[in-house]
Amino acid sequence: MEVYSKLSPTDQQKFVDQSVKDFHGDNALLPLPRVFSAEDMDILKKGVSQRARALQLFLKDYYSGQKGYATSGVIPEAAVQAALNRSMENGLPDFSASKSFNFWYGPDVLRDSNGNFRVVEDNLGFIGGMGDLALARKSLIKNIPEYKDAVNKTASPDFFYEKMAENYKAMAQENGGIALLISYPPKMSSDNEDVRVRKIFKNHGVETFNFREKNNSEINYLSMEKDGLYLITPKPEKAFPGRTKVPKKKKVGHVILDLESQHIDALYDKNYRRHVFDEVENVVEGTNVPKADRLKVADLGKRDPITGEWDEKPMVKWLQTRGKKLFGSSGLEPTGYEGFWELVKDGKVSVTNQLGNEFINDKGFYPYVEDLIRHYLNEEPILKNIETFPAVTFDKNGNAVPNQEILARAKKSPADYVIKGVNGRGGDSVWIGKKMTQAEFESVLGQVSKNPLYYIFQKYTPLSVIKVMGEDYIVDARLISDVSSTGVISAGVPWVRATPKSGNGKVNISDRGKEVTGIAENPVDCNKLLH
């Protein structure tokens, strides 16, 4: 604060402008970091680790077929199947032998009015913030050098990346190979974070592979063979005129997917449907799609509005009419990744962020996580949920029934509730009663009552506020962690986002949002990062 208070408004804006350049236009940083005490970090690390371990045990329980959560009544099987159907990850019970219940995890956390940290929602798999922790710190020090002495005495995110890389390489060696990070190339990325993630892990000895729609290239490609996965690196002929290619062949023991898992081996069983739907969404979002088509395609392939099941055939047909070259007359053409998930299923290569884990991100799953902690760990949750009410209840036969009580309460007092679509992302499908008129809120309630399985209600909970550059910003935090069979490794500092309090109430970078450099008050004992 001593340093920040001496910055003129011109200096502050200059910092923000320079930070945008540091992030190559992706994000902007605020010139005041958010400081977390050592006690804060201890609570966050233990709480996130506890939550992650419970989710991992649930995945093992589900894919083993034992489903102890259902027999004990911790979470209705109907709720689990609804989440699986919505994510299109149903029909994948064959991953139990893969032992790949490894994932990146970063729940969004707020501090309530009593000073307690609470989880807003769970984020698992391909999550934002992984590549920004080190850059935010570097940009802060570079552009305001006066911060350097104080910041250098705090916890660094570098240890987090180092320990992750060591863990990946150890898991890869168990399968007799190397660790390989697969991520989107710049042309397929929404920002430059994938480039930053690749650079970080490359610096820590993890090889990287740029995903492409067709698995063929003069640079490198993946080969699915009987005994495992291989990275083939041919030498381009043009670099060695007259010479025969002498490819380098490296066995891959562990893969880290820094991308949506359905893009790998799209023809694999139910993965095909998910990939097709993803392609439909991409086309619909294109500016060249007429408004009439957008409305029609909104329900394209939807077979059951209650369970969320889909039929990919009409979607494939529609994509063909839009000239999608990736799709042939009989459906999706082979991409060269075929056999990838079979190798994972057979335990010949392990994966972080594998197919079949992401249905846990469904907000209809979130209300049950506290009980999963009690069930699997026999512990009380360290990080509580926000008070949440599903818009649906289930009768004894597993049938979905609208939760009339919460619908009536919300209609009577809109300012007390936030409505969320259970499979929304990035702040979409979120309605904050306090920011809406009664008529607007009742219109959303009508939508909820028609398809209650797709919504939850949360008690309106104000976020923490920081005053920067003469404006109030609401903030949340995400303590990014790596979850594997060896334990949970958490970052030494949280990833922090901020948006103006005068906005729509959602903390989202896309809505006038900025990043904030997270600072942990004291250096954290590195050994305590492993729980």
# chains A, B, ... in the order shown; residues from 1 in each chain; ligands from 1
>>> select_by_dssp(residues="region 79-273 of chain A", states="strand (DSSP E)", output="PyMOL selection string")
chain A and resi 103-105+108-111+117-121+178-183+207-210+221-225+228-233+248-258
>>> write_last_selection(atoms="C-alpha atoms", output="compact mmCIF listing (two decimals), in the first residue's frame")
# COMPACT_ATOMS: atom_id res chain seq x y z
CA PHE A 103 -6.79 -33.71 -13.21
CA TRP A 104 -6.19 -30.01 -12.81
CA TYR A 105 -8.54 -28.49 -10.27
CA ASP A 108 -13.64 -20.45 -7.67
CA VAL A 109 -13.59 -19.14 -4.10
CA LEU A 110 -15.01 -16.03 -2.44
CA ARG A 111 -14.76 -14.68 1.10
CA PHE A 117 -13.83 -18.71 2.28
CA ARG A 118 -16.57 -20.44 0.30
CA VAL A 119 -16.48 -22.36 -2.98
CA VAL A 120 -18.68 -20.79 -5.66
CA GLU A 121 -18.20 -23.58 -8.21
CA ILE A 178 8.35 -39.51 -21.29
CA ALA A 179 5.83 -36.92 -20.08
CA LEU A 180 4.11 -35.06 -22.94
CA LEU A 181 1.94 -31.92 -22.75
CA ILE A 182 -0.61 -31.65 -25.59
CA SER A 183 -2.12 -28.21 -26.14
CA GLU A 207 8.02 -32.31 -23.92
CA THR A 208 5.19 -30.55 -25.77
CA PHE A 209 2.99 -31.35 -28.75
CA ASN A 210 0.82 -28.89 -30.69
CA TYR A 221 2.93 -36.74 -34.81
CA LEU A 222 1.56 -39.33 -32.40
CA SER A 223 1.64 -43.03 -33.15
CA MET A 224 -0.78 -45.40 -31.39
CA GLU A 225 0.90 -48.83 -31.26
CA GLY A 228 1.80 -47.85 -26.15
CA LEU A 229 1.85 -44.26 -27.38
CA TYR A 230 4.82 -42.83 -29.26
CA LEU A 231 5.90 -39.33 -30.26
CA ILE A 232 7.46 -39.43 -33.71
CA THR A 233 9.68 -36.53 -34.72
CA LYS A 248 13.10 -40.02 -33.59
CA LYS A 249 10.70 -42.26 -31.72
CA LYS A 250 9.97 -41.66 -28.05
CA LYS A 251 7.56 -43.69 -25.99
CA VAL A 252 5.08 -41.56 -24.04
CA GLY A 253 4.27 -42.71 -20.52
CA HIS A 254 2.11 -39.82 -19.33
CA VAL A 255 0.06 -37.23 -21.22
CA ILE A 256 -1.14 -33.87 -19.90
CA LEU A 257 -4.12 -32.61 -21.92
CA ASP A 258 -4.16 -28.82 -21.92
>>> atom_distance(atom1="CA of Leu319 (chain A)", atom2="CA of His275 (chain A)")
12.1 Å
>>> atom_distance(atom1="CA of Ser49 (chain A)", atom2="CA of Thr71 (chain A)")
25.5 Å
>>> closest_atom_pairs(of="region 438-513 of chain A", to="region 398-408 of chain A", cutoff="12 Å", atoms="only C-alpha atoms", output="tab-separated table")
residue	atom	partner	partner_atom	distance
A:Phe441	CA	A:Leu407	CA	11.3
A:Glu442	CA	A:Leu407	CA	9.9
A:Val444	CA	A:Leu407	CA	10.8
A:Leu445	CA	A:Leu407	CA	7.2
A:Gly446	CA	A:Leu407	CA	9.4
A:Gln447	CA	A:Leu407	CA	11.2
A:Val448	CA	A:Leu407	CA	8.5
A:Ser449	CA	A:Pro402	CA	6.5
A:Lys450	CA	A:Pro402	CA	8.5
A:Asn451	CA	A:Pro402	CA	8.2
A:Pro452	CA	A:Pro402	CA	5.6
A:Leu453	CA	A:Ala400	CA	6.9
A:Tyr454	CA	A:Pro402	CA	10.7
A:Tyr455	CA	A:Pro402	CA	10.3
A:Ile456	CA	A:Ile406	CA	9.6
A:Phe457	CA	A:Ile406	CA	7.8
A:Gln458	CA	A:Ile406	CA	10.1
A:Lys459	CA	A:Ile406	CA	10.8
>>> write_last_selection(atoms="N, CA, C and O atoms", output="tab-separated table (two decimals), in the first residue's frame")
chain	number	residue	atom	x	y	z
A	441	PHE	N	-36.56	-11.15	-13.89
A	441	PHE	CA	-36.30	-12.32	-13.05
A	441	PHE	C	-37.41	-13.36	-13.20
A	441	PHE	O	-37.14	-14.56	-13.30
A	442	GLU	N	-38.66	-12.91	-13.25
A	442	GLU	CA	-39.77	-13.85	-13.40
A	442	GLU	C	-39.75	-14.53	-14.77
A	442	GLU	O	-40.19	-15.67	-14.90
A	444	VAL	N	-37.00	-15.45	-16.29
A	444	VAL	CA	-36.03	-16.54	-16.12
A	444	VAL	C	-36.65	-17.67	-15.31
A	444	VAL	O	-36.44	-18.85	-15.60
A	445	LEU	N	-37.45	-17.32	-14.28
A	445	LEU	CA	-38.10	-18.35	-13.47
A	445	LEU	C	-39.02	-19.22	-14.33
A	445	LEU	O	-39.12	-20.43	-14.12
A	446	GLY	N	-39.68	-18.61	-15.31
A	446	GLY	CA	-40.52	-19.38	-16.21
A	446	GLY	C	-39.72	-20.38	-17.01
A	446	GLY	O	-40.14	-21.53	-17.22
A	447	GLN	N	-38.52	-19.96	-17.43
A	447	GLN	CA	-37.61	-20.84	-18.15
A	447	GLN	C	-37.16	-21.99	-17.25
A	447	GLN	O	-37.07	-23.14	-17.68
A	448	VAL	N	-36.89	-21.67	-15.99
A	448	VAL	CA	-36.42	-22.68	-15.03
A	448	VAL	C	-37.52	-23.72	-14.76
A	448	VAL	O	-37.25	-24.93	-14.72
A	449	SER	N	-38.76	-23.27	-14.60
A	449	SER	CA	-39.85	-24.19	-14.26
A	449	SER	C	-40.14	-25.19	-15.38
A	449	SER	O	-40.62	-26.29	-15.13
A	450	LYS	N	-39.80	-24.83	-16.64
A	450	LYS	CA	-40.02	-25.74	-17.77
A	450	LYS	C	-38.97	-26.85	-17.80
A	450	LYS	O	-39.27	-27.99	-18.16
A	451	ASN	N	-37.73	-26.51	-17.46
A	451	ASN	CA	-36.64	-27.50	-17.48
A	451	ASN	C	-35.82	-27.40	-16.18
A	451	ASN	O	-34.67	-26.97	-16.19
A	452	PRO	N	-36.42	-27.75	-15.04
A	452	PRO	CA	-35.76	-27.52	-13.74
A	452	PRO	C	-34.45	-28.29	-13.56
A	452	PRO	O	-33.61	-27.89	-12.74
A	453	LEU	N	-34.26	-29.37	-14.30
A	453	LEU	CA	-33.05	-30.17	-14.14
A	453	LEU	C	-31.81	-29.39	-14.57
A	453	LEU	O	-30.69	-29.76	-14.23
A	454	TYR	N	-32.00	-28.31	-15.30
A	454	TYR	CA	-30.89	-27.57	-15.87
A	454	TYR	C	-30.46	-26.37	-15.03
A	454	TYR	O	-29.62	-25.58	-15.46
A	455	TYR	N	-31.03	-26.20	-13.81
A	455	TYR	CA	-30.76	-24.97	-13.05
A	455	TYR	C	-30.58	-25.25	-11.56
A	455	TYR	O	-31.08	-26.23	-11.02
A	456	ILE	N	-29.84	-24.34	-10.91
A	456	ILE	CA	-29.74	-24.31	-9.46
A	456	ILE	C	-29.97	-22.88	-8.99
A	456	ILE	O	-29.82	-21.92	-9.77
A	457	PHE	N	-30.33	-22.72	-7.73
A	457	PHE	CA	-30.43	-21.41	-7.09
A	457	PHE	C	-29.35	-21.33	-6.02
A	457	PHE	O	-29.14	-22.29	-5.27
A	458	GLN	N	-28.67	-20.20	-5.94
A	458	GLN	CA	-27.70	-19.98	-4.86
A	458	GLN	C	-28.10	-18.73	-4.09
A	458	GLN	O	-28.61	-17.76	-4.66
A	459	LYS	N	-27.87	-18.79	-2.78
A	459	LYS	CA	-28.13	-17.62	-1.95
A	459	LYS	C	-27.20	-16.49	-2.38
A	459	LYS	O	-25.99	-16.70	-2.53
>>> closest_residue(among="A:Ser8, A:Ser190, A:Asn216, A:Asn143", to="Asp26 (chain A)", atoms="only C-alpha atoms")
A:Ser190
>>> atom_distance(atom1="CA of Ile360 (chain A)", atom2="CA of Asp265 (chain A)")
21.4 Å
>>> closest_residue(among="A:Lys348, A:Arg53, A:Lys67, A:Arg196", to="Gly129 (chain A)", atoms="only C-alpha atoms")
A:Arg196
>>> closest_residue(among="A:Ile219, A:Ala170, A:Val392, A:Ala165", to="Asp482 (chain A)", atoms="only C-alpha atoms")
A:Ala165
>>> closest_residue(among="A:Val316, A:Ile141, A:Leu124, A:Val475", to="Asn102 (chain A)", atoms="only C-alpha atoms")
A:Leu124
>>> residues_around(residues="region 382-385 of chain A", least_positions_apart="4", cutoff="12 Å", atoms="only C-alpha atoms", output="NGL selection string")
:A and (40 or 42-52 or 107-112 or 115-122 or 363 or 365-371 or 373-374 or 377 or 389 or 458-459 or 461)
>>> select_by_dssp(residues="region 330-465 of chain A", states="helix (DSSP H, G or I)", output="ChimeraX atom specification")
/A:340-345,358-361,366-377,404-412,414-416,433-435,438-450,452-454
